[in-house]
$ cat my_file-v1.cif   # mmCIF, C-alpha atoms
data_start
#
loop_
_atom_site.label_atom_id
_atom_site.label_comp_id
_atom_site.auth_asym_id
_atom_site.auth_seq_id
_atom_site.Cartn_x
_atom_site.Cartn_y
_atom_site.Cartn_z
CA MET A 86 32.88 3.90 -19.98
CA GLU A 87 30.60 5.86 -17.69
CA ILE A 88 32.03 6.65 -14.29
CA GLU A 89 30.02 7.78 -11.28
CA ARG A 90 30.88 9.26 -7.94
CA LYS A 91 28.47 9.67 -5.06
CA PHE A 92 28.49 12.23 -2.26
CA LEU A 93 26.36 12.98 0.76
CA VAL A 94 24.83 16.44 0.86
CA ASP A 95 24.02 18.19 4.11
CA ALA A 96 22.13 21.20 2.81
CA VAL A 97 20.23 21.29 -0.44
CA PRO A 98 21.18 24.36 -2.48
CA ASP A 99 18.34 26.86 -2.47
CA ASP A 100 18.63 27.82 -6.11
CA LEU A 101 17.55 24.46 -7.58
CA ASP A 102 15.77 24.73 -10.88
CA GLY A 103 12.38 23.14 -10.28
CA ARG A 104 11.80 22.61 -13.97
CA ARG A 105 14.43 19.90 -14.05
CA SER A 106 13.21 17.80 -11.16
CA SER A 107 11.18 14.62 -11.18
CA SER A 108 9.48 12.42 -8.61
CA ILE A 109 10.68 8.84 -8.42
CA GLU A 110 9.00 5.98 -6.62
CA GLN A 111 10.78 2.68 -6.86
CA GLY A 112 10.55 -0.70 -5.26
CA TYR A 113 12.31 -4.03 -5.55
CA VAL A 114 10.23 -7.01 -6.65
CA ALA A 115 13.13 -9.45 -6.40
CA ILE A 116 16.66 -9.34 -5.03
CA ASP A 117 18.61 -12.47 -5.83
CA PRO A 118 21.35 -13.58 -3.42
CA ASP A 119 23.78 -13.25 -6.38
CA GLY A 120 23.05 -9.51 -6.38
CA THR A 121 20.75 -9.38 -9.38
CA GLU A 122 17.88 -7.00 -8.70
CA VAL A 123 14.56 -6.45 -10.40
CA ARG A 124 12.98 -3.14 -9.59
CA ILE A 125 10.01 -1.19 -10.78
CA ARG A 126 9.99 2.56 -10.94
CA ARG A 127 7.48 5.27 -11.63
CA ARG A 128 9.04 8.54 -12.73
CA ASP A 129 6.95 11.47 -13.85
CA GLY A 130 4.06 9.16 -14.64
CA ALA A 131 6.04 6.64 -16.71
CA SER A 132 6.58 3.12 -15.37
CA THR A 133 9.56 0.88 -15.99
CA LEU A 134 10.88 -2.47 -14.84
CA THR A 135 14.65 -2.79 -14.69
CA VAL A 136 16.76 -5.91 -14.35
CA LYS A 137 20.24 -5.14 -13.09
CA SER A 138 22.88 -7.80 -12.62
CA GLY A 139 25.00 -8.01 -9.50
CA GLY A 140 28.75 -8.38 -9.70
CA GLY A 141 30.44 -10.75 -12.09
CA LEU A 142 31.54 -10.52 -15.65
CA ALA A 143 28.18 -10.20 -17.34
CA ARG A 144 27.13 -6.69 -16.40
CA VAL A 145 23.57 -6.24 -17.57
CA GLU A 146 21.10 -3.42 -17.05
CA GLU A 147 17.90 -3.79 -18.99
CA GLU A 148 15.06 -1.31 -18.67
CA LEU A 149 11.60 -2.23 -19.94
CA ALA A 150 8.65 0.12 -20.24
CA ILE A 151 5.59 -1.31 -18.49
CA GLY A 152 2.02 -0.13 -18.30
CA ASP A 153 0.47 1.56 -15.28
CA ALA A 154 -1.75 -1.48 -14.67
CA ALA A 155 1.25 -3.82 -14.58
CA PHE A 156 3.03 -1.42 -12.23
CA ALA A 157 0.02 -1.39 -9.92
CA ARG A 158 -0.17 -5.19 -9.85
CA LEU A 159 3.56 -5.57 -9.14
CA TRP A 160 3.80 -2.80 -6.53
CA PRO A 161 2.51 -4.97 -3.61
CA LEU A 162 5.51 -7.27 -4.12
CA THR A 163 7.84 -4.40 -3.19
CA ALA A 164 6.41 -3.92 0.31
CA GLY A 165 9.18 -3.17 2.80
CA ARG A 166 11.71 -2.31 0.12
CA ARG A 167 10.79 0.93 -1.49
CA ILE A 168 12.34 4.31 -1.90
CA GLU A 169 10.83 7.62 -2.81
CA LYS A 170 12.87 10.60 -3.89
CA VAL A 171 12.87 13.78 -5.90
CA ARG A 172 15.67 13.93 -8.42
CA HIS A 173 17.11 17.26 -9.51
CA VAL A 174 19.36 17.30 -12.55
CA ILE A 175 21.99 20.01 -12.25
CA ARG A 176 24.21 21.17 -15.10
CA THR A 177 27.71 22.30 -14.24
CA SER A 178 30.11 24.63 -15.99
CA ASP A 179 31.60 21.54 -17.64
CA PRO A 180 29.03 20.17 -20.11
CA ARG A 181 30.48 16.67 -19.66
CA VAL A 182 29.69 16.68 -15.95
CA VAL A 183 26.10 16.31 -14.73
CA ILE A 184 24.97 16.19 -11.11
CA GLU A 185 21.89 14.22 -10.12
CA LEU A 186 20.74 15.33 -6.70
CA ASP A 187 18.46 12.81 -5.01
CA VAL A 188 16.38 14.21 -2.17
CA TYR A 189 14.84 11.23 -0.42
CA ARG A 190 11.29 11.23 0.97
CA GLY A 191 9.26 8.95 3.20
CA ASP A 192 11.26 6.67 5.50
CA LEU A 193 14.51 8.13 4.16
CA GLU A 194 13.47 11.76 4.60
CA GLY A 195 16.51 13.88 5.39
CA LEU A 196 18.91 11.91 3.22
CA VAL A 197 20.30 13.80 0.24
CA VAL A 198 22.78 12.23 -2.16
CA ALA A 199 24.52 13.73 -5.16
CA GLU A 200 25.57 11.44 -7.95
CA VAL A 201 27.99 12.81 -10.50
CA GLU A 202 28.38 11.18 -13.90
CA PHE A 203 31.55 11.58 -15.88
CA ALA A 204 32.24 10.78 -19.49
CA GLY A 205 35.56 9.21 -18.54
CA GLU A 206 38.32 8.81 -15.98
CA ASP A 207 39.99 12.11 -16.84
CA GLU A 208 36.86 14.10 -16.03
CA ALA A 209 36.35 12.09 -12.83
CA HIS A 210 39.87 12.85 -11.59
CA ALA A 211 39.67 16.51 -12.56
CA PHE A 212 36.42 17.00 -10.66
CA THR A 213 36.47 19.29 -7.63
CA PRO A 214 33.37 18.77 -5.51
CA PRO A 215 31.46 22.02 -4.89
CA PRO A 216 31.54 23.34 -1.30
CA TRP A 217 28.03 22.08 -0.57
CA PHE A 218 29.07 18.43 -1.13
CA GLY A 219 29.78 16.30 1.92
CA ALA A 220 31.42 12.90 2.35
CA ASP A 221 32.36 10.84 -0.70
CA VAL A 222 30.34 7.60 -0.39
CA THR A 223 31.12 6.19 -3.84
CA ASP A 224 32.41 2.96 -2.36
CA ASP A 225 30.01 2.73 0.58
CA GLY A 226 27.57 -0.07 -0.28
CA ARG A 227 25.06 1.13 2.30
CA TYR A 228 24.13 4.01 0.01
CA LYS A 229 23.15 1.81 -2.90
CA ASN A 230 19.45 2.27 -3.55
CA GLN A 231 18.82 -1.43 -3.11
CA ARG A 232 20.41 -1.34 0.36
CA LEU A 233 18.65 1.89 1.31
CA ALA A 234 15.34 0.32 0.31
CA VAL A 235 15.92 -2.80 2.40
CA ASP A 236 17.96 -1.52 5.36
CA GLY A 237 16.97 2.13 5.57
CA ARG A 238 19.23 5.08 6.21
CA PRO A 239 22.70 4.23 7.53
CA ALA A 240 23.12 5.19 11.18
CA MET B 208 -10.19 -20.65 -9.27
CA GLU B 209 -7.87 -22.64 -11.49
CA ILE B 210 -6.64 -25.91 -10.03
CA GLU B 211 -3.69 -27.90 -11.30
CA ARG B 212 -2.40 -31.38 -10.74
CA LYS B 213 0.97 -32.66 -11.85
CA PHE B 214 2.01 -36.22 -12.74
CA LEU B 215 5.18 -37.90 -13.85
CA VAL B 216 5.00 -39.73 -17.16
CA ASP B 217 7.18 -42.73 -17.96
CA ALA B 218 6.37 -43.19 -21.63
CA VAL B 219 5.24 -40.44 -23.94
CA PRO B 220 2.12 -41.48 -25.89
CA ASP B 221 3.02 -42.09 -29.52
CA ASP B 222 -0.07 -40.44 -30.96
CA LEU B 223 0.78 -36.87 -29.92
CA ASP B 224 -0.52 -34.23 -32.27
CA GLY B 225 2.58 -32.35 -33.39
CA ARG B 226 0.54 -29.38 -34.54
CA ARG B 227 -0.21 -28.48 -30.94
CA SER B 228 3.32 -28.55 -29.58
CA SER B 229 5.70 -25.70 -28.89
CA SER B 230 9.31 -25.30 -27.88
CA ILE B 231 9.95 -23.48 -24.64
CA GLU B 232 13.27 -22.15 -23.40
CA GLN B 233 13.16 -20.45 -20.05
CA GLY B 234 15.63 -19.19 -17.52
CA TYR B 235 15.51 -17.44 -14.19
CA VAL B 236 17.09 -14.00 -13.98
CA ALA B 237 16.33 -13.59 -10.27
CA ILE B 238 15.05 -15.82 -7.51
CA ASP B 239 14.39 -13.93 -4.30
CA PRO B 240 14.78 -15.77 -0.99
CA ASP B 241 11.09 -14.91 -0.35
CA GLY B 242 10.20 -17.13 -3.32
CA THR B 243 9.50 -14.41 -5.85
CA GLU B 244 10.90 -15.40 -9.24
CA VAL B 245 11.59 -13.45 -12.39
CA ARG B 246 11.94 -15.61 -15.44
CA ILE B 247 12.25 -15.05 -19.13
CA ARG B 248 10.83 -17.42 -21.67
CA ARG B 249 10.93 -17.85 -25.40
CA ARG B 250 8.05 -19.86 -26.78
CA ASP B 251 7.54 -20.31 -30.50
CA GLY B 252 9.59 -17.20 -31.19
CA ALA B 253 7.80 -14.91 -28.74
CA SER B 254 9.64 -13.65 -25.65
CA THR B 255 8.15 -12.83 -22.28
CA LEU B 256 9.34 -11.84 -18.83
CA THR B 257 7.22 -13.10 -15.95
CA VAL B 258 7.26 -12.01 -12.32
CA LYS B 259 5.70 -14.59 -10.05
CA SER B 260 5.36 -14.08 -6.32
CA GLY B 261 6.29 -16.76 -3.83
CA GLY B 262 3.96 -17.73 -1.02
CA GLY B 263 2.10 -15.21 1.05
CA LEU B 264 -1.16 -13.41 0.67
CA ALA B 265 -0.37 -11.28 -2.36
CA ARG B 266 -0.31 -13.83 -5.16
CA VAL B 267 0.92 -12.09 -8.27
CA GLU B 268 1.80 -13.43 -11.68
CA GLU B 269 2.57 -10.77 -14.23
CA GLU B 270 3.67 -11.60 -17.76
CA LEU B 271 5.25 -8.92 -19.91
CA ALA B 272 6.03 -9.20 -23.61
CA ILE B 273 9.66 -8.32 -24.30
CA GLY B 274 11.59 -7.93 -27.52
CA ASP B 275 14.05 -10.48 -28.87
CA ALA B 276 16.94 -8.08 -28.24
CA ALA B 277 15.98 -7.66 -24.57
CA PHE B 278 15.66 -11.44 -24.25
CA ALA B 279 19.13 -11.89 -25.72
CA ARG B 280 20.66 -9.35 -23.33
CA LEU B 281 18.98 -10.92 -20.28
CA TRP B 282 19.67 -14.54 -21.20
CA PRO B 283 23.29 -14.56 -19.84
CA LEU B 284 21.89 -13.79 -16.38
CA THR B 285 20.06 -17.13 -16.38
CA ALA B 286 23.23 -19.23 -16.71
CA GLY B 287 22.98 -22.36 -14.57
CA ARG B 288 19.23 -22.08 -14.13
CA ARG B 289 17.51 -22.82 -17.36
CA ILE B 290 15.07 -25.35 -18.64
CA GLU B 291 14.22 -26.40 -22.12
CA LYS B 292 11.14 -28.41 -22.99
CA VAL B 293 8.61 -29.21 -25.67
CA ARG B 294 5.06 -28.67 -24.53
CA HIS B 295 2.24 -30.68 -26.03
CA VAL B 296 -1.31 -29.53 -25.35
CA ILE B 297 -3.68 -32.47 -25.24
CA ARG B 298 -7.46 -32.18 -25.27
CA THR B 299 -9.43 -34.77 -23.34
CA SER B 300 -12.97 -36.05 -23.71
CA ASP B 301 -13.95 -33.47 -21.10
CA PRO B 302 -13.62 -30.01 -22.69
CA ARG B 303 -12.96 -28.49 -19.25
CA VAL B 304 -9.87 -30.65 -18.75
CA VAL B 305 -6.66 -29.89 -20.64
CA ILE B 306 -3.38 -31.78 -20.31
CA GLU B 307 -0.08 -29.99 -20.87
CA LEU B 308 2.62 -32.55 -21.45
CA ASP B 309 6.12 -31.17 -20.87
CA VAL B 310 8.92 -33.21 -22.44
CA TYR B 311 12.15 -31.81 -21.03
CA ARG B 312 15.33 -31.44 -23.10
CA GLY B 313 18.94 -30.66 -22.37
CA ASP B 314 20.11 -31.38 -18.83
CA LEU B 315 16.65 -32.64 -17.90
CA GLU B 316 16.33 -34.96 -20.91
CA GLY B 317 14.23 -37.99 -19.96
CA LEU B 318 11.93 -36.12 -17.62
CA VAL B 319 8.30 -35.93 -18.75
CA VAL B 320 5.63 -34.20 -16.67
CA ALA B 321 1.92 -33.87 -17.31
CA GLU B 322 0.11 -30.90 -15.85
CA VAL B 323 -3.65 -31.00 -15.82
CA GLU B 324 -5.68 -27.86 -15.45
CA PHE B 325 -9.17 -27.97 -14.08
CA ALA B 326 -11.86 -25.33 -14.12
CA GLY B 327 -12.70 -26.11 -10.49
CA GLU B 328 -12.50 -28.53 -7.58
CA ASP B 329 -15.30 -30.74 -8.84
CA GLU B 330 -13.50 -31.47 -12.10
CA ALA B 331 -10.24 -32.05 -10.22
CA HIS B 332 -11.84 -34.64 -7.92
CA ALA B 333 -13.68 -36.37 -10.76
CA PHE B 334 -10.47 -36.74 -12.79
CA THR B 335 -9.19 -40.27 -13.39
CA PRO B 336 -5.59 -40.19 -14.60
CA PRO B 337 -5.11 -42.06 -17.89
CA PRO B 338 -3.12 -45.32 -17.66
CA TRP B 339 0.03 -43.70 -19.06
CA PHE B 340 0.25 -41.26 -16.10
CA GLY B 341 2.70 -42.12 -13.32
CA ALA B 342 3.17 -40.74 -9.81
CA ASP B 343 1.19 -37.70 -8.68
CA VAL B 344 3.79 -35.03 -7.86
CA THR B 345 1.40 -32.12 -7.39
CA ASP B 346 2.76 -31.40 -3.92
CA ASP B 347 6.38 -32.29 -4.59
CA GLY B 348 8.28 -29.01 -4.70
CA ARG B 349 11.23 -30.61 -6.49
CA TYR B 350 9.20 -30.67 -9.69
CA LYS B 351 8.55 -26.95 -9.75
CA ASN B 352 10.23 -25.50 -12.83
CA GLN B 353 12.24 -23.11 -10.69
CA ARG B 354 13.64 -26.00 -8.66
CA LEU B 355 14.26 -28.16 -11.74
CA ALA B 356 16.18 -25.25 -13.29
CA VAL B 357 18.37 -24.76 -10.23
CA ASP B 358 18.73 -28.28 -8.80
CA GLY B 359 18.21 -30.48 -11.84
CA ARG B 360 16.20 -33.68 -12.02
CA PRO B 361 15.26 -35.23 -8.66
CA ALA B 362 17.22 -38.41 -7.96
#
$ encode --input "my_file-v1.cif" --output "structure tokens"
Amino acid sequence: MEIERKFLVDAVPDDLDGRRSSSIEQGYVAIDPDGTEVRIRRRDGASTLTVKSGGGLARVEEELAIGDAAFARLWPLTAGRRIEKVRHVIRTSDPRVVIELDVYRGDLEGLVVAEVEFAGEDEAHAFTPPPWFGADVTDDGRYKNQRLAVDGRPA
Amino acid sequence: MEIERKFLVDAVPDDLDGRRSSSIEQGYVAIDPDGTEVRIRRRDGASTLTVKSGGGLARVEEELAIGDAAFARLWPLTAGRRIEKVRHVIRTSDPRVVIELDVYRGDLEGLVVAEVEFAGEDEAHAFTPPPWFGADVTDDGRYKNQRLAVDGRPA
């Protein structure tokens, strides 16, 4: 089972490898009161539509490739709930630990969040955040992308 | 601009041409409070995902072909908001007027709705419903598929 932890970052490291970064624009076309979200995303020129279930037993995340024309037609539906960020993928000394550093743009400019993916619980517990990591916001719902898109940056 | 009118039907005509009927299963994966709906549908073995905007200026209806495997993974998300129907497409003496007769199954068994599509306002006004048509429910929101899926058959 994949485990993730999320941290705020105050200062972006200055030795980021630009070759492993990508621009992401995403917006929510529908957010159901039960938590299910349908978002579209353009990343490095490729467009996808993702359906992600909310809570509950049936956890589903389904990503579909869509054409640029479909993306363009759906984009107006996401008005008022969009995020824009540059994602840097950072390898660590442990090959089973990967850091995704999201540097937000646009309305969320200034917000930087590091998401760390672990292969399992053991790796997650053994992880020592690097000195440039700030507060652990793994369980803070306000930093979910859906919430950031709708509500903006937490005060 | 395409114009549609919708009528209840008490008795299904007995001379329906079975060659022009198809089975439709559809369910809603997300219904946004703003009216935007995301539904998946399987019709005659082909699966689609459709995003349809609610009210507002930006009317969008985008249909995407999806694979059977994606349909199967998304289907659990539609629990409690599904409809099942057999659609008969009926030609009329006027080639610009087509009747789609939806015979509902499952929880909505007994409900039959005829939807008539017109090329324009003139055809819509000139249309005389055949004797087997019942009440005009064009403006009755309870007969929208989304509402039927969620709320069931109107009392």
$ calpha_fit_and_write --input "my_file-v1.cif" --fixed "chain A" --moving "chain B" --output "CSV table (one decimal) with C-alpha atoms, keeping the file's coordinate frame"
chain,number,residue,atom,x,y,z
B,208,MET,CA,32.9,3.9,-20.0
B,209,GLU,CA,30.6,5.9,-17.7
B,210,ILE,CA,32.0,6.7,-14.3
B,211,GLU,CA,30.0,7.8,-11.3
B,212,ARG,CA,30.9,9.3,-7.9
B,213,LYS,CA,28.5,9.7,-5.1
B,214,PHE,CA,28.5,12.2,-2.3
B,215,LEU,CA,26.4,13.0,0.7
B,216,VAL,CA,24.8,16.4,0.9
B,217,ASP,CA,24.0,18.2,4.1
B,218,ALA,CA,22.1,21.2,2.8
B,219,VAL,CA,20.2,21.3,-0.4
B,220,PRO,CA,21.2,24.4,-2.5
B,221,ASP,CA,18.3,26.9,-2.5
B,222,ASP,CA,18.6,27.8,-6.1
B,223,LEU,CA,17.5,24.5,-7.6
B,224,ASP,CA,15.8,24.7,-10.9
B,225,GLY,CA,12.4,23.1,-10.3
B,226,ARG,CA,11.8,22.6,-14.0
B,227,ARG,CA,14.4,19.9,-14.1
B,228,SER,CA,13.2,17.8,-11.2
B,229,SER,CA,11.2,14.6,-11.2
B,230,SER,CA,9.5,12.4,-8.6
B,231,ILE,CA,10.7,8.9,-8.4
B,232,GLU,CA,9.0,6.0,-6.6
B,233,GLN,CA,10.8,2.7,-6.9
B,234,GLY,CA,10.5,-0.7,-5.3
B,235,TYR,CA,12.3,-4.0,-5.5
B,236,VAL,CA,10.2,-7.0,-6.6
B,237,ALA,CA,13.1,-9.4,-6.4
B,238,ILE,CA,16.6,-9.3,-5.0
B,239,ASP,CA,18.6,-12.5,-5.8
B,240,PRO,CA,21.3,-13.6,-3.4
B,241,ASP,CA,23.8,-13.3,-6.4
B,242,GLY,CA,23.0,-9.5,-6.4
B,243,THR,CA,20.7,-9.4,-9.4
B,244,GLU,CA,17.9,-7.0,-8.7
B,245,VAL,CA,14.5,-6.5,-10.4
B,246,ARG,CA,13.0,-3.1,-9.6
B,247,ILE,CA,10.0,-1.2,-10.8
B,248,ARG,CA,10.0,2.6,-11.0
B,249,ARG,CA,7.5,5.3,-11.7
B,250,ARG,CA,9.1,8.5,-12.8
B,251,ASP,CA,7.0,11.5,-13.9
B,252,GLY,CA,4.1,9.1,-14.7
B,253,ALA,CA,6.1,6.6,-16.7
B,254,SER,CA,6.6,3.1,-15.4
B,255,THR,CA,9.6,0.9,-16.0
B,256,LEU,CA,10.9,-2.5,-14.8
B,257,THR,CA,14.7,-2.8,-14.7
B,258,VAL,CA,16.8,-5.9,-14.3
B,259,LYS,CA,20.2,-5.2,-13.1
B,260,SER,CA,22.9,-7.9,-12.6
B,261,GLY,CA,25.0,-8.1,-9.5
B,262,GLY,CA,28.7,-8.4,-9.7
B,263,GLY,CA,30.4,-10.8,-12.1
B,264,LEU,CA,31.5,-10.6,-15.6
B,265,ALA,CA,28.2,-10.3,-17.3
B,266,ARG,CA,27.1,-6.8,-16.4
B,267,VAL,CA,23.5,-6.3,-17.6
B,268,GLU,CA,21.1,-3.5,-17.0
B,269,GLU,CA,17.9,-3.8,-19.0
B,270,GLU,CA,15.1,-1.3,-18.7
B,271,LEU,CA,11.6,-2.3,-19.9
B,272,ALA,CA,8.7,0.1,-20.3
B,273,ILE,CA,5.6,-1.3,-18.5
B,274,GLY,CA,2.0,-0.1,-18.3
B,275,ASP,CA,0.5,1.6,-15.3
B,276,ALA,CA,-1.7,-1.4,-14.7
B,277,ALA,CA,1.3,-3.8,-14.6
B,278,PHE,CA,3.0,-1.4,-12.2
B,279,ALA,CA,0.0,-1.4,-9.9
B,280,ARG,CA,-0.2,-5.2,-9.8
B,281,LEU,CA,3.6,-5.5,-9.1
B,282,TRP,CA,3.8,-2.8,-6.5
B,283,PRO,CA,2.5,-4.9,-3.6
B,284,LEU,CA,5.5,-7.2,-4.1
B,285,THR,CA,7.8,-4.4,-3.2
B,286,ALA,CA,6.4,-3.9,0.3
B,287,GLY,CA,9.2,-3.1,2.8
B,288,ARG,CA,11.7,-2.3,0.1
B,289,ARG,CA,10.8,0.9,-1.5
B,290,ILE,CA,12.3,4.3,-1.9
B,291,GLU,CA,10.8,7.6,-2.8
B,292,LYS,CA,12.9,10.6,-3.9
B,293,VAL,CA,12.9,13.8,-5.9
B,294,ARG,CA,15.7,13.9,-8.4
B,295,HIS,CA,17.1,17.3,-9.5
B,296,VAL,CA,19.4,17.3,-12.6
B,297,ILE,CA,22.0,20.0,-12.3
B,298,ARG,CA,24.2,21.2,-15.1
B,299,THR,CA,27.7,22.3,-14.2
B,300,SER,CA,30.1,24.7,-16.0
B,301,ASP,CA,31.6,21.6,-17.6
B,302,PRO,CA,29.0,20.2,-20.1
B,303,ARG,CA,30.5,16.7,-19.6
B,304,VAL,CA,29.7,16.7,-15.9
B,305,VAL,CA,26.1,16.3,-14.7
B,306,ILE,CA,25.0,16.2,-11.1
B,307,GLU,CA,21.9,14.2,-10.1
B,308,LEU,CA,20.7,15.3,-6.7
B,309,ASP,CA,18.5,12.8,-5.0
B,310,VAL,CA,16.4,14.2,-2.2
B,311,TYR,CA,14.8,11.2,-0.4
B,312,ARG,CA,11.3,11.2,1.0
B,313,GLY,CA,9.3,8.9,3.2
B,314,ASP,CA,11.3,6.7,5.5
B,315,LEU,CA,14.5,8.1,4.2
B,316,GLU,CA,13.5,11.7,4.6
B,317,GLY,CA,16.5,13.9,5.4
B,318,LEU,CA,18.9,11.9,3.2
B,319,VAL,CA,20.3,13.8,0.2
B,320,VAL,CA,22.8,12.2,-2.2
B,321,ALA,CA,24.5,13.7,-5.2
B,322,GLU,CA,25.6,11.4,-8.0
B,323,VAL,CA,28.0,12.8,-10.5
B,324,GLU,CA,28.4,11.2,-13.9
B,325,PHE,CA,31.5,11.6,-15.9
B,326,ALA,CA,32.2,10.8,-19.5
B,327,GLY,CA,35.5,9.2,-18.5
B,328,GLU,CA,38.3,8.9,-16.0
B,329,ASP,CA,40.0,12.1,-16.9
B,330,GLU,CA,36.9,14.1,-16.0
B,331,ALA,CA,36.3,12.1,-12.8
B,332,HIS,CA,39.9,12.9,-11.6
B,333,ALA,CA,39.7,16.6,-12.6
B,334,PHE,CA,36.4,17.0,-10.7
B,335,THR,CA,36.5,19.3,-7.6
B,336,PRO,CA,33.4,18.8,-5.5
B,337,PRO,CA,31.4,22.0,-4.9
B,338,PRO,CA,31.6,23.3,-1.3
B,339,TRP,CA,28.0,22.1,-0.5
B,340,PHE,CA,29.1,18.4,-1.1
B,341,GLY,CA,29.8,16.3,1.9
B,342,ALA,CA,31.4,12.9,2.3
B,343,ASP,CA,32.4,10.8,-0.7
B,344,VAL,CA,30.3,7.6,-0.4
B,345,THR,CA,31.1,6.2,-3.9
B,346,ASP,CA,32.4,3.0,-2.4
B,347,ASP,CA,30.0,2.7,0.5
B,348,GLY,CA,27.6,-0.1,-0.3
B,349,ARG,CA,25.1,1.1,2.3
B,350,TYR,CA,24.1,4.0,0.0
B,351,LYS,CA,23.2,1.8,-2.9
B,352,ASN,CA,19.4,2.3,-3.6
B,353,GLN,CA,18.8,-1.4,-3.1
B,354,ARG,CA,20.4,-1.3,0.3
B,355,LEU,CA,18.7,1.9,1.3
B,356,ALA,CA,15.3,0.3,0.3
B,357,VAL,CA,15.9,-2.8,2.4
B,358,ASP,CA,18.0,-1.5,5.4
B,359,GLY,CA,17.0,2.1,5.6
B,360,ARG,CA,19.3,5.1,6.2
B,361,PRO,CA,22.7,4.2,7.5
B,362,ALA,CA,23.2,5.2,11.2
$ atom_distance --input "my_file-v1.cif" --atom1 "CA of Asp358 in chain B" --atom2 "CA of Thr121 in chain A"
19.0 Å
$ interface_residues --input "my_file-v1.cif" --of "chain A" --to "chain B" --cutoff "8 Å" --atoms "all atoms listed in the file" --output "PDB file with C-alpha atoms, keeping the file's coordinate frame"
ATOM      1  CA  VAL A 114      10.230  -7.010  -6.650  1.00  0.00           C
ATOM      2  CA  ALA A 115      13.130  -9.450  -6.400  1.00  0.00           C
ATOM      3  CA  ILE A 116      16.660  -9.340  -5.030  1.00  0.00           C
ATOM      4  CA  ASP A 117      18.610 -12.470  -5.830  1.00  0.00           C
ATOM      5  CA  PRO A 118      21.350 -13.580  -3.420  1.00  0.00           C
ATOM      6  CA  THR A 121      20.750  -9.380  -9.380  1.00  0.00           C
ATOM      7  CA  GLU A 122      17.880  -7.000  -8.700  1.00  0.00           C
ATOM      8  CA  VAL A 123      14.560  -6.450 -10.400  1.00  0.00           C
ATOM      9  CA  SER A 138      22.880  -7.800 -12.620  1.00  0.00           C
ATOM     10  CA  ALA A 143      28.180 -10.200 -17.340  1.00  0.00           C
ATOM     11  CA  VAL A 145      23.570  -6.240 -17.570  1.00  0.00           C
ATOM     12  CA  GLU A 147      17.900  -3.790 -18.990  1.00  0.00           C
ATOM     13  CA  LEU A 149      11.600  -2.230 -19.940  1.00  0.00           C
ATOM     14  CA  ILE A 151       5.590  -1.310 -18.490  1.00  0.00           C
ATOM     15  CA  ALA A 155       1.250  -3.820 -14.580  1.00  0.00           C
ATOM     16  CA  ARG A 158      -0.170  -5.190  -9.850  1.00  0.00           C
ATOM     17  CA  LEU A 159       3.560  -5.570  -9.140  1.00  0.00           C
ATOM     18  CA  PRO A 161       2.510  -4.970  -3.610  1.00  0.00           C
ATOM     19  CA  LEU A 162       5.510  -7.270  -4.120  1.00  0.00           C
TER      20      LEU A 162
END
$ residues_around --input "my_file-v1.cif" --residues "Gly359 in chain B" --least-positions-apart "3" --cutoff "7 Å" --atoms "only C-alpha atoms" --output "PDB file with C-alpha atoms, in the coordinates of the input"
ATOM      1  CA  LEU B 315      16.650 -32.640 -17.900  1.00  0.00           C
ATOM      2  CA  LEU B 355      14.260 -28.160 -11.740  1.00  0.00           C
ATOM      3  CA  ALA B 356      16.180 -25.250 -13.290  1.00  0.00           C
TER       4      ALA B 356
END
$ resolve_selection --input "my_file-v1.cif" --expression "the PyMOL selection byres ((chain B and resi 331) around 12)" --output "list in words"
Met208, Glu209, Ile210, Glu211, Arg212, Lys213, Asp301, Arg303, Val304, Val305, Glu322, Val323, Glu324, Phe325, Ala326, Gly327, Glu328, Asp329, Glu330, His332, Ala333, Phe334, Thr335, Pro336 and Thr345 of chain B
